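J.: Sharing coords-v8.csv (CSV, C-alpha atoms) below.
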```
chain,number,residue,atom,x,y,z
A,1,MET,CA,12.4,11.7,-14.6
A,2,LYS,CA,10.7,9.1,-16.8
A,3,GLY,CA,7.4,7.8,-15.5
A,4,TYR,CA,6.2,4.2,-15.7
A,5,VAL,CA,2.9,2.3,-15.5
A,6,GLN,CA,2.3,0.4,-12.3
A,7,VAL,CA,-0.5,-2.1,-11.8
A,8,TYR,CA,-1.6,-3.5,-8.4
A,9,THR,CA,-4.1,-6.3,-9.0
A,10,GLY,CA,-5.2,-9.6,-7.4
A,11,ASN,CA,-7.7,-10.7,-4.8
A,12,GLY,CA,-5.7,-9.7,-1.7
A,13,LYS,CA,-5.9,-6.7,0.6
A,14,GLY,CA,-3.4,-4.0,-0.1
A,15,LYS,CA,-4.0,-2.6,-3.6
A,16,THR,CA,-5.6,0.7,-2.8
A,17,THR,CA,-3.5,1.1,0.3
A,18,ALA,CA,-0.3,0.5,-1.8
A,19,SER,CA,-1.4,3.4,-4.1
A,20,LEU,CA,-2.1,5.6,-1.0
A,21,GLY,CA,1.4,4.8,0.2
A,22,LEU,CA,2.8,5.8,-3.2
A,23,ILE,CA,0.9,9.1,-2.9
A,24,MET,CA,2.4,9.7,0.5
A,25,ARG,CA,5.9,9.0,-0.7
A,26,ALA,CA,5.4,11.2,-3.7
A,27,LEU,CA,4.1,14.1,-1.6
A,28,GLY,CA,7.1,13.8,0.6
A,29,LYS,CA,9.2,14.7,-2.4
A,30,ASN,CA,6.9,17.4,-3.5
A,31,LEU,CA,5.5,15.6,-6.5
A,32,LYS,CA,2.1,16.7,-7.9
A,33,VAL,CA,-0.6,14.0,-7.4
A,34,TYR,CA,-4.0,13.3,-8.8
A,35,MET,CA,-6.2,10.4,-7.7
A,36,ALA,CA,-9.4,9.2,-9.3
A,37,GLN,CA,-11.4,6.5,-7.5
A,38,PHE,CA,-13.6,4.5,-9.8
A,39,MET,CA,-16.7,2.7,-8.5
A,40,LYS,CA,-16.3,4.3,-5.1
A,41,GLY,CA,-18.7,6.9,-3.8
A,42,GLN,CA,-18.3,6.1,-0.1
A,43,LYS,CA,-16.0,8.4,2.0
A,44,TYR,CA,-13.1,6.3,3.1
A,45,GLY,CA,-10.9,7.4,6.0
A,46,GLU,CA,-8.0,8.3,3.7
A,47,LEU,CA,-10.0,11.1,2.0
A,48,ASN,CA,-9.7,13.3,5.1
A,49,ILE,CA,-5.9,13.1,5.0
A,50,LEU,CA,-5.6,13.4,1.3
A,51,GLU,CA,-7.7,16.6,1.5
A,52,LYS,CA,-5.6,17.9,4.3
A,53,LEU,CA,-2.5,17.2,2.2
A,54,GLY,CA,-4.0,19.1,-0.7
A,55,VAL,CA,-4.3,16.2,-3.1
A,56,LEU,CA,-7.0,16.4,-5.7
A,57,VAL,CA,-9.1,13.2,-5.3
A,58,GLU,CA,-12.2,12.7,-7.4
A,59,ARG,CA,-14.7,9.8,-7.0
A,60,PHE,CA,-16.6,8.4,-9.9
A,61,GLY,CA,-18.9,6.0,-8.3
A,62,THR,CA,-22.0,5.7,-6.2
A,63,ASP,CA,-22.6,4.8,-2.6
A,64,GLU,CA,-23.8,1.4,-3.6
A,65,CYS,CA,-21.5,-1.6,-3.5
A,66,ILE,CA,-21.6,-3.4,-6.8
A,67,MET,CA,-21.3,-7.1,-6.3
A,68,SER,CA,-22.0,-8.4,-9.8
A,69,PRO,CA,-22.1,-6.9,-13.4
A,70,LYS,CA,-25.9,-7.2,-13.4
A,71,ASP,CA,-26.1,-4.8,-10.4
A,72,VAL,CA,-24.6,-1.9,-12.5
A,73,SER,CA,-26.9,1.0,-12.6
A,74,GLU,CA,-27.2,3.8,-15.3
A,75,GLU,CA,-25.7,6.2,-12.7
A,76,ASP,CA,-22.7,3.9,-12.3
A,77,LYS,CA,-22.2,4.0,-16.1
A,78,ILE,CA,-22.5,7.8,-16.3
A,79,LYS,CA,-20.1,8.3,-13.4
A,80,ALA,CA,-17.5,5.9,-14.9
A,81,LYS,CA,-17.7,7.7,-18.3
A,82,GLU,CA,-17.4,11.0,-16.5
A,83,GLY,CA,-14.3,9.7,-14.7
A,84,TYR,CA,-12.7,8.4,-17.9
A,85,SER,CA,-13.2,11.9,-19.6
A,86,LYS,CA,-11.8,13.6,-16.6
A,87,VAL,CA,-8.7,11.4,-16.4
A,88,LYS,CA,-8.0,12.0,-20.1
A,89,GLU,CA,-8.1,15.8,-19.4
A,90,ILE,CA,-5.8,15.3,-16.4
A,91,LEU,CA,-3.2,13.3,-18.3
A,92,LEU,CA,-3.3,15.7,-21.3
A,93,SER,CA,-2.8,18.7,-19.0
A,94,LYS,CA,0.7,17.3,-18.1
A,95,LYS,CA,0.3,18.9,-14.7
A,96,TYR,CA,0.7,15.8,-12.5
A,97,ASP,CA,3.8,13.7,-11.7
A,98,LEU,CA,1.7,10.8,-10.2
A,99,VAL,CA,-1.8,9.8,-11.4
A,100,VAL,CA,-3.5,7.1,-9.5
A,101,LEU,CA,-6.6,5.4,-11.0
A,102,ASP,CA,-8.0,3.4,-8.1
A,103,GLU,CA,-10.2,0.4,-9.0
A,104,ILE,CA,-10.0,1.1,-12.7
A,105,CYS,CA,-9.0,-2.5,-13.4
A,106,VAL,CA,-12.0,-4.0,-11.7
A,107,SER,CA,-14.2,-1.5,-13.6
A,108,THR,CA,-13.5,-3.5,-16.8
A,109,TYR,CA,-15.0,-6.6,-15.1
A,110,PHE,CA,-18.2,-4.6,-14.5
A,111,ASN,CA,-18.2,-3.3,-18.1
A,112,LEU,CA,-17.9,0.3,-16.8
A,113,ILE,CA,-14.5,1.0,-18.5
A,114,THR,CA,-13.1,-1.0,-21.4
A,115,GLU,CA,-9.7,-2.5,-21.8
A,116,GLU,CA,-9.2,-0.3,-24.9
A,117,GLU,CA,-10.0,2.8,-22.8
A,118,ILE,CA,-7.3,1.9,-20.3
A,119,LEU,CA,-4.8,1.3,-23.1
A,120,HIS,CA,-5.7,4.7,-24.5
A,121,LEU,CA,-5.0,6.3,-21.2
A,122,ILE,CA,-1.6,4.6,-21.2
A,123,ASP,CA,-1.0,5.9,-24.7
A,124,ILE,CA,-1.7,9.5,-23.8
A,125,LYS,CA,0.2,9.4,-20.5
A,126,PRO,CA,2.9,12.1,-20.6
A,127,SER,CA,6.3,10.4,-20.6
A,128,GLU,CA,7.2,11.9,-17.2
A,129,THR,CA,4.0,10.9,-15.4
A,130,GLU,CA,3.9,7.8,-13.3
A,131,LEU,CA,0.5,6.1,-13.8
A,132,VAL,CA,-0.8,3.7,-11.1
A,133,LEU,CA,-3.7,1.4,-11.9
A,134,THR,CA,-5.4,-0.6,-9.1
A,135,GLY,CA,-8.2,-3.2,-8.9
A,136,ARG,CA,-8.8,-6.9,-9.3
A,137,TYR,CA,-9.0,-8.5,-12.7
A,138,ALA,CA,-6.5,-6.3,-14.5
A,139,PRO,CA,-7.0,-7.1,-18.2
A,140,LYS,CA,-4.3,-9.1,-19.9
A,141,LYS,CA,-3.3,-6.4,-22.4
A,142,VAL,CA,-3.0,-3.8,-19.6
A,143,ILE,CA,-0.6,-6.2,-17.8
A,144,GLU,CA,1.4,-6.6,-21.0
A,145,ARG,CA,1.7,-2.8,-21.4
A,146,ALA,CA,2.5,-2.1,-17.8
A,147,ASP,CA,6.1,-1.7,-16.6
A,148,LEU,CA,5.5,-3.1,-13.1
A,149,VAL,CA,2.8,-5.5,-12.0
A,150,THR,CA,2.2,-6.8,-8.5
A,151,GLU,CA,-0.4,-9.4,-7.8
A,152,MET,CA,-1.7,-9.1,-4.3
A,153,MET,CA,-2.6,-12.7,-3.4
A,154,GLU,CA,-4.9,-13.4,-0.6
A,155,ILE,CA,-3.3,-16.1,1.5
A,156,LYS,CA,-5.6,-15.5,4.5
A,157,HIS,CA,-8.3,-12.9,5.2
A,158,TYR,CA,-10.2,-12.3,8.5
A,159,TYR,CA,-13.4,-11.7,6.5
A,160,SER,CA,-13.6,-15.4,6.4
A,161,GLN,CA,-13.7,-15.4,10.2
A,162,GLY,CA,-16.7,-13.1,9.9
A,163,VAL,CA,-14.9,-9.9,10.6
A,164,MET,CA,-16.8,-6.9,9.1
A,165,ALA,CA,-15.1,-3.9,7.5
A,166,ARG,CA,-13.9,-1.5,10.2
A,167,ASP,CA,-13.6,2.3,10.3
A,168,GLY,CA,-9.9,3.4,9.9
A,169,ILE,CA,-8.7,-0.1,8.8
A,170,GLU,CA,-10.8,-1.1,5.8
A,171,ARG,CA,-12.6,2.2,5.1
B,1,MET,CA,-12.9,-2.5,18.3
B,2,LYS,CA,-10.9,-5.8,18.1
B,3,GLY,CA,-7.5,-5.5,16.5
B,4,TYR,CA,-6.0,-8.1,14.2
B,5,VAL,CA,-2.6,-9.1,12.9
B,6,GLN,CA,-1.9,-8.3,9.2
B,7,VAL,CA,1.1,-9.5,7.2
B,8,TYR,CA,2.2,-8.1,3.9
B,9,THR,CA,5.0,-10.3,2.4
B,10,GLY,CA,6.3,-11.6,-0.9
B,11,ASN,CA,8.8,-10.3,-3.5
B,12,GLY,CA,6.6,-7.7,-5.2
B,13,LYS,CA,6.5,-3.9,-4.8
B,14,GLY,CA,3.7,-2.7,-2.5
B,15,LYS,CA,4.4,-4.0,1.0
B,16,THR,CA,5.6,-0.9,2.7
B,17,THR,CA,3.4,1.3,0.7
B,18,ALA,CA,0.3,-0.8,1.7
B,19,SER,CA,1.2,-0.2,5.3
B,20,LEU,CA,1.6,3.5,4.6
B,21,GLY,CA,-1.8,3.5,3.1
B,22,LEU,CA,-3.2,1.8,6.2
B,23,ILE,CA,-1.6,4.5,8.3
B,24,MET,CA,-3.2,7.2,6.1
B,25,ARG,CA,-6.7,5.6,6.4
B,26,ALA,CA,-6.3,5.1,10.2
B,27,LEU,CA,-5.2,8.8,10.6
B,28,GLY,CA,-8.3,9.8,8.7
B,29,LYS,CA,-10.4,8.2,11.4
B,30,ASN,CA,-8.2,9.7,14.2
B,31,LEU,CA,-6.7,6.4,15.2
B,32,LYS,CA,-3.3,6.6,17.0
B,33,VAL,CA,-0.4,5.2,15.0
B,34,TYR,CA,3.1,4.1,15.7
B,35,MET,CA,5.5,2.9,13.0
B,36,ALA,CA,8.9,1.2,13.4
B,37,GLN,CA,11.1,0.6,10.3
B,38,PHE,CA,13.5,-2.2,10.7
B,39,MET,CA,16.7,-2.4,8.6
B,40,LYS,CA,16.1,1.1,7.2
B,41,GLY,CA,18.1,4.1,8.1
B,42,GLN,CA,17.7,6.0,4.9
B,43,LYS,CA,15.1,8.9,4.8
B,44,TYR,CA,12.4,7.8,2.5
B,45,GLY,CA,10.0,10.4,1.1
B,46,GLU,CA,7.1,9.2,3.2
B,47,LEU,CA,8.9,10.3,6.4
B,48,ASN,CA,8.3,14.0,5.6
B,49,ILE,CA,4.6,13.4,5.4
B,50,LEU,CA,4.3,11.1,8.4
B,51,GLU,CA,6.2,13.7,10.5
B,52,LYS,CA,3.8,16.5,9.2
B,53,LEU,CA,0.8,14.3,10.2
B,54,GLY,CA,2.3,13.8,13.7
B,55,VAL,CA,3.0,10.1,13.4
B,56,LEU,CA,5.8,8.7,15.6
B,57,VAL,CA,8.1,6.8,13.2
B,58,GLU,CA,11.3,5.3,14.5
B,59,ARG,CA,14.0,3.7,12.3
B,60,PHE,CA,16.1,0.9,13.5
B,61,GLY,CA,18.6,0.4,10.7
B,62,THR,CA,21.6,1.9,9.2
B,63,ASP,CA,22.1,3.7,5.9
B,64,GLU,CA,23.7,0.6,4.4
B,65,CYS,CA,21.6,-1.6,2.2
B,66,ILE,CA,22.0,-5.2,3.4
B,67,MET,CA,22.0,-7.6,0.5
B,68,SER,CA,23.0,-10.9,2.2
B,69,PRO,CA,23.0,-12.2,5.8
B,70,LYS,CA,26.8,-12.1,5.8
B,71,ASP,CA,26.7,-8.2,5.2
B,72,VAL,CA,25.1,-7.7,8.6
B,73,SER,CA,27.2,-5.5,10.9
B,74,GLU,CA,27.3,-5.2,14.7
B,75,GLU,CA,25.5,-1.9,14.4
B,76,ASP,CA,22.7,-3.5,12.4
B,77,LYS,CA,22.3,-6.1,15.2
B,78,ILE,CA,22.3,-3.4,17.9
B,79,LYS,CA,19.7,-1.3,16.1
B,80,ALA,CA,17.4,-4.3,15.5
B,81,LYS,CA,17.6,-5.3,19.2
B,82,GLU,CA,16.9,-1.7,20.2
B,83,GLY,CA,13.9,-1.7,17.8
B,84,TYR,CA,12.6,-4.9,19.3
B,85,SER,CA,12.8,-3.5,22.9
B,86,LYS,CA,11.1,-0.3,21.8
B,87,VAL,CA,8.3,-2.1,20.1
B,88,LYS,CA,7.6,-4.2,23.2
B,89,GLU,CA,7.3,-1.0,25.2
B,90,ILE,CA,5.0,0.5,22.6
B,91,LEU,CA,2.7,-2.5,22.6
B,92,LEU,CA,2.7,-2.8,26.4
B,93,SER,CA,1.8,0.9,26.7
B,94,LYS,CA,-1.5,0.2,25.0
B,95,LYS,CA,-1.5,3.7,23.6
B,96,TYR,CA,-1.7,2.9,19.9
B,97,ASP,CA,-4.5,1.7,17.7
B,98,LEU,CA,-2.3,0.8,14.8
B,99,VAL,CA,1.3,-0.4,15.1
B,100,VAL,CA,3.2,-1.0,11.9
B,101,LEU,CA,6.5,-3.0,12.0
B,102,ASP,CA,7.9,-2.3,8.5
B,103,GLU,CA,10.5,-4.9,7.2
B,104,ILE,CA,10.3,-6.9,10.4
B,105,CYS,CA,9.6,-10.1,8.4
B,106,VAL,CA,12.7,-9.8,6.3
B,107,SER,CA,14.7,-9.1,9.4
B,108,THR,CA,14.3,-12.7,10.4
B,109,TYR,CA,16.0,-13.7,7.1
B,110,PHE,CA,19.0,-11.6,8.1
B,111,ASN,CA,19.0,-13.1,11.6
B,112,LEU,CA,18.4,-9.7,13.1
B,113,ILE,CA,15.0,-10.6,14.7
B,114,THR,CA,14.0,-14.2,15.5
B,115,GLU,CA,10.7,-15.8,14.6
B,116,GLU,CA,10.1,-16.3,18.3
B,117,GLU,CA,10.5,-12.6,18.9
B,118,ILE,CA,7.8,-11.8,16.4
B,119,LEU,CA,5.5,-14.4,17.9
B,120,HIS,CA,6.2,-12.8,21.3
B,121,LEU,CA,5.1,-9.4,19.9
B,122,ILE,CA,1.9,-11.0,18.7
B,123,ASP,CA,1.4,-12.5,22.1
B,124,ILE,CA,1.7,-9.2,24.0
B,125,LYS,CA,-0.3,-7.2,21.4
B,126,PRO,CA,-3.3,-5.5,23.2
B,127,SER,CA,-6.5,-7.0,21.9
B,128,GLU,CA,-7.6,-3.7,20.5
B,129,THR,CA,-4.4,-2.9,18.6
B,130,GLU,CA,-4.1,-3.7,14.9
B,131,LEU,CA,-0.6,-5.0,14.2
B,132,VAL,CA,0.8,-4.8,10.7
B,133,LEU,CA,4.0,-6.7,9.8
B,134,THR,CA,5.7,-6.2,6.4
B,135,GLY,CA,8.7,-7.6,4.6
B,136,ARG,CA,9.7,-10.6,2.4
B,137,TYR,CA,10.2,-14.1,3.8
B,138,ALA,CA,7.5,-13.9,6.6
B,139,PRO,CA,8.2,-17.0,8.8
B,140,LYS,CA,5.7,-19.8,8.6
B,141,LYS,CA,4.6,-19.6,12.2
B,142,VAL,CA,4.0,-15.9,11.9
B,143,ILE,CA,1.8,-16.5,8.8
B,144,GLU,CA,0.0,-19.2,10.9
B,145,ARG,CA,-0.7,-16.8,13.7
B,146,ALA,CA,-1.7,-13.8,11.5
B,147,ASP,CA,-5.4,-13.1,10.8
B,148,LEU,CA,-4.7,-11.6,7.3
B,149,VAL,CA,-1.9,-12.4,5.0
B,150,THR,CA,-1.3,-10.9,1.5
B,151,GLU,CA,1.5,-12.1,-0.6
B,152,MET,CA,2.7,-9.4,-3.0
B,153,MET,CA,3.8,-11.4,-6.0
B,154,GLU,CA,6.1,-9.7,-8.5
B,155,ILE,CA,4.6,-10.4,-12.0
B,156,LYS,CA,6.8,-7.8,-13.6
B,157,HIS,CA,9.2,-5.1,-12.3
B,158,TYR,CA,10.9,-2.3,-14.2
B,159,TYR,CA,14.1,-2.9,-12.2
B,160,SER,CA,14.6,-5.7,-14.7
B,161,GLN,CA,14.6,-3.1,-17.4
B,162,GLY,CA,17.4,-1.4,-15.6
B,163,VAL,CA,15.3,1.4,-14.0
B,164,MET,CA,17.0,2.6,-10.7
B,165,ALA,CA,15.1,3.6,-7.6
B,166,ARG,CA,13.6,7.0,-8.0
B,167,ASP,CA,12.9,9.8,-5.5
B,168,GLY,CA,9.2,10.1,-4.6
B,169,ILE,CA,8.4,6.7,-6.2
B,170,GLU,CA,10.7,4.1,-4.6
B,171,ARG,CA,12.1,6.2,-1.8
```
Hey, can you dump this file as structure tokens for me?

T.:
Amino acid sequence: MKGYVQVYTGNGKGKTTASLGLIMRALGKNLKVYMAQFMKGQKYGELNILEKLGVLVERFGTDECIMSPKDVSEEDKIKAKEGYSKVKEILLSKKYDLVVLDEICVSTYFNLITEEEILHLIDIKPSETELVLTGRYAPKKVIERADLVTEMMEIKHYYSQGVMARDGIER
Amino acid sequence: MKGYVQVYTGNGKGKTTASLGLIMRALGKNLKVYMAQFMKGQKYGELNILEKLGVLVERFGTDECIMSPKDVSEEDKIKAKEGYSKVKEILLSKKYDLVVLDEICVSTYFNLITEEEILHLIDIKPSETELVLTGRYAPKKVIERADLVTEMMEIKHYYSQGVMARDGIER
């Protein structure tokens, strides 16, 4: 089965969760899944279930929430580089049917991953592997190279009503 | 914890999978989840995993793919009505923290569920329950009543390259 490159970008809620749903669907058909989460060190609710389902999830971020490129720490940079190397290894191993790189798109906005690095990952992707990239600000060339792109547009968000992130819903 | 109404609509890929991801996250925090799939009778890959995770999923559709409102059969109508009654019961039971009504929005386009019926479900939703509605063509009044709305916009889709739905990825 030929694998494609899917991108979930935009400012709306649903990018990471869409990739989690793809993982669930893939597992239901016994596909092998790897997930890397860039810029995330926090333990989101989904990790408990992914672990239970035997999915290898690696996180290449710190606990700090990065709001602006000037907040990026040395540790953030080291972790992102580590993630990039690991993902290259994972792709070259040809062991996985579905590889999800969560928040890799927004990592370019924070100068943690370059556009060229993402394009390189697409280049080395085994032809049978489905590669899913999430995060805001997907670079233009990545969108050009992708086979499927969905932009999640925020029409309305309860954060603007002052609702804070909730356990089990946002994290 | 107060629950809100989330809508995932639009023509792009990622609506159902976003709701599946929300389910995964909720289960990771031990929330109780119910999912109804309208207009779907086919066994998608995710059902195997949802079953394994102990989630009650009920499907209120037939195996036939409905392409146009004139393709709707009597059986489709009966199933949708059955689904609507069951969802009312589920909401009134107050037993679930997260209730996902997959494809309920597009069901209005096919005249299987009315806009008023969806508004009624929002009305009877217990205040602590998170209600997630997916599907294209979310009616205007439903969008008005929702707290969070993401429109999944198709920027690019490999279906236009002639790629068919694949096991473990699309179904």

J.: So which one's closest to Lys125 in chain A, A:Asn111, A:Gln37, A:Ser93, A:Thr150? Using all atoms listed in the file, please.

T.: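 Smallest separation from Lys125 in chain A among the options: A:Ser93.
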
J.: Residues of chain A were defined as contacting chain B if any atom lay at most 7 Å from it, counting only C-alpha atoms; please report them as an MDAnalysis selection string.

T.: chainID A and resid 12:14 17:18 20:22 24:26 28:29 31 45:46 48:49 147:158 167:169 171

J.: From the list A:Met164, A:Cys105, A:Phe110, A:Arg136, which residue is nearest Ser73 in chain A when using all atoms listed in the file?

T.: A:Phe110

J.: Just how far from CA of Lys79 in chain B is CA of Ala138 in chain B, in Å to one decimal?

T.: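 Spanning CA of Ala138 in chain B to CA of Lys79 in chain B is a straight-line distance of 19.9 Å.
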
J.: To one decimal in Å, tell me the separation between CA of Arg59 in chain B and CA of Asp71 in chain B.

T.: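 CA of Asp71 in chain B lies at a distance of 18.8 Å from CA of Arg59 in chain B.
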
J.: Take CA of Val106 in chain A and CA of Gln42 in chain A and report the distance between them in Å, one decimal.

T.: 16.6 Å

J.: Counting all atoms listed in the file, which of A:Met67, A:Val132, A:Leu121, A:Val99 gets nearest to Ser85 in chain A?

T.: A:Leu121

J.: Which residue is closest to Ser107 in chain A? Choose from A:Asp76, A:Glu89, A:Glu58, A:Glu82 and count only C-alpha atoms.

T.: A:Asp76

J.: Can you list, as an mmCIF file with C-alpha atoms, in the coordinates of the input, every protein, DNA or RNA residue that comes within 10 Å of Lys94 in chain B when you count only C-alpha atoms, leaving out same-chain residues fewer than 5 positions away?

T.:
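Result went into selection16.cif, see below:
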```cif
data_model
loop_
_atom_site.group_PDB
_atom_site.id
_atom_site.type_symbol
_atom_site.label_atom_id
_atom_site.label_comp_id
_atom_site.auth_asym_id
_atom_site.auth_seq_id
_atom_site.Cartn_x
_atom_site.Cartn_y
_atom_site.Cartn_z
ATOM 1 C CA GLU B 89 7.300 -1.000 25.200
ATOM 2 C CA ILE B 124 1.700 -9.200 24.000
ATOM 3 C CA LYS B 125 -0.300 -7.200 21.400
ATOM 4 C CA PRO B 126 -3.300 -5.500 23.200
ATOM 5 C CA SER B 127 -6.500 -7.000 21.900
ATOM 6 C CA GLU B 128 -7.600 -3.700 20.500
ATOM 7 C CA THR B 129 -4.400 -2.900 18.600
#
```

J.: Can you tell me, as a PDB file with C-alpha atoms, in the frame of the given file, what residues are no more than 8 Å from Lys141 in chain A when counting only C-alpha atoms, ignoring any on the same chain fewer than 4 positions away?

T.:
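Below you can see around.pdb, which holds the result:
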```pdb
ATOM      1  CA  GLU A 115      -9.700  -2.500 -21.800  1.00  0.00           C
ATOM      2  CA  LEU A 119      -4.800   1.300 -23.100  1.00  0.00           C
ATOM      3  CA  ARG A 145       1.700  -2.800 -21.400  1.00  0.00           C
TER       4      ARG A 145
END
```

J.: Where atoms are missing, can you supply N, CA, C and O atoms for range 97-114 of chain B and output the lot as an mmCIF file, in the frame of the given file?

T.:
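New file rebuild.cif:
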```
data_model
loop_
_atom_site.group_PDB
_atom_site.id
_atom_site.type_symbol
_atom_site.label_atom_id
_atom_site.label_comp_id
_atom_site.auth_asym_id
_atom_site.auth_seq_id
_atom_site.Cartn_x
_atom_site.Cartn_y
_atom_site.Cartn_z
ATOM 1 N N ASP B 97 -3.519 2.466 18.387
ATOM 2 C CA ASP B 97 -4.500 1.700 17.700
ATOM 3 C C ASP B 97 -3.946 0.845 16.594
ATOM 4 O O ASP B 97 -4.402 -0.244 16.276
ATOM 5 N N LEU B 98 -2.940 1.425 15.948
ATOM 6 C CA LEU B 98 -2.300 0.800 14.800
ATOM 7 C C LEU B 98 -0.785 0.802 14.987
ATOM 8 O O LEU B 98 -0.207 1.882 15.179
ATOM 9 N N VAL B 99 -0.160 -0.356 14.986
ATOM 10 C CA VAL B 99 1.300 -0.400 15.100
ATOM 11 C C VAL B 99 1.833 -1.150 13.873
ATOM 12 O O VAL B 99 1.449 -2.289 13.578
ATOM 13 N N VAL B 100 2.666 -0.447 13.127
ATOM 14 C CA VAL B 100 3.200 -1.000 11.900
ATOM 15 C C VAL B 100 4.705 -1.304 12.101
ATOM 16 O O VAL B 100 5.475 -0.423 12.505
ATOM 17 N N LEU B 101 5.085 -2.550 11.839
ATOM 18 C CA LEU B 101 6.500 -3.000 12.000
ATOM 19 C C LEU B 101 7.004 -3.274 10.567
ATOM 20 O O LEU B 101 6.913 -4.406 10.083
ATOM 21 N N ASP B 102 7.531 -2.233 9.934
ATOM 22 C CA ASP B 102 7.900 -2.300 8.500
ATOM 23 C C ASP B 102 9.253 -3.126 8.437
ATOM 24 O O ASP B 102 10.204 -2.862 9.184
ATOM 25 N N GLU B 103 9.283 -4.065 7.527
ATOM 26 C CA GLU B 103 10.500 -4.900 7.200
ATOM 27 C C GLU B 103 10.854 -5.834 8.388
ATOM 28 O O GLU B 103 11.962 -6.360 8.404
ATOM 29 N N ILE B 104 9.935 -6.039 9.326
ATOM 30 C CA ILE B 104 10.300 -6.900 10.400
ATOM 31 C C ILE B 104 10.385 -8.383 9.936
ATOM 32 O O ILE B 104 11.172 -9.184 10.449
ATOM 33 N N CYS B 105 9.587 -8.736 8.913
ATOM 34 C CA CYS B 105 9.600 -10.100 8.400
ATOM 35 C C CYS B 105 10.961 -10.464 7.803
ATOM 36 O O CYS B 105 11.558 -11.500 8.102
ATOM 37 N N VAL B 106 11.440 -9.562 6.948
ATOM 38 C CA VAL B 106 12.700 -9.800 6.300
ATOM 39 C C VAL B 106 13.884 -9.796 7.278
ATOM 40 O O VAL B 106 14.938 -10.401 7.042
ATOM 41 N N SER B 107 13.675 -9.116 8.404
ATOM 42 C CA SER B 107 14.700 -9.100 9.400
ATOM 43 C C SER B 107 15.032 -10.459 9.992
ATOM 44 O O SER B 107 16.137 -10.699 10.485
ATOM 45 N N THR B 108 14.067 -11.369 9.911
ATOM 46 C CA THR B 108 14.300 -12.700 10.400
ATOM 47 C C THR B 108 15.285 -13.445 9.416
ATOM 48 O O THR B 108 16.132 -14.217 9.836
ATOM 49 N N TYR B 109 15.129 -13.146 8.132
ATOM 50 C CA TYR B 109 16.000 -13.700 7.100
ATOM 51 C C TYR B 109 17.458 -13.349 7.338
ATOM 52 O O TYR B 109 18.386 -14.113 7.079
ATOM 53 N N PHE B 110 17.656 -12.127 7.848
ATOM 54 C CA PHE B 110 19.000 -11.600 8.100
ATOM 55 C C PHE B 110 19.464 -11.890 9.539
ATOM 56 O O PHE B 110 20.462 -11.325 9.978
ATOM 57 N N ASN B 111 18.697 -12.715 10.249
ATOM 58 C CA ASN B 111 19.000 -13.100 11.600
ATOM 59 C C ASN B 111 19.122 -11.875 12.574
ATOM 60 O O ASN B 111 19.882 -11.880 13.537
ATOM 61 N N LEU B 112 18.339 -10.851 12.282
ATOM 62 C CA LEU B 112 18.400 -9.700 13.100
ATOM 63 C C LEU B 112 17.244 -9.732 14.173
ATOM 64 O O LEU B 112 17.354 -9.178 15.266
ATOM 65 N N ILE B 113 16.185 -10.394 13.799
ATOM 66 C CA ILE B 113 15.000 -10.600 14.700
ATOM 67 C C ILE B 113 14.699 -12.096 14.524
ATOM 68 O O ILE B 113 14.820 -12.633 13.419
ATOM 69 N N THR B 114 14.306 -12.738 15.602
ATOM 70 C CA THR B 114 14.000 -14.200 15.500
ATOM 71 C C THR B 114 12.436 -14.311 15.274
ATOM 72 O O THR B 114 11.658 -13.430 15.648
#
```
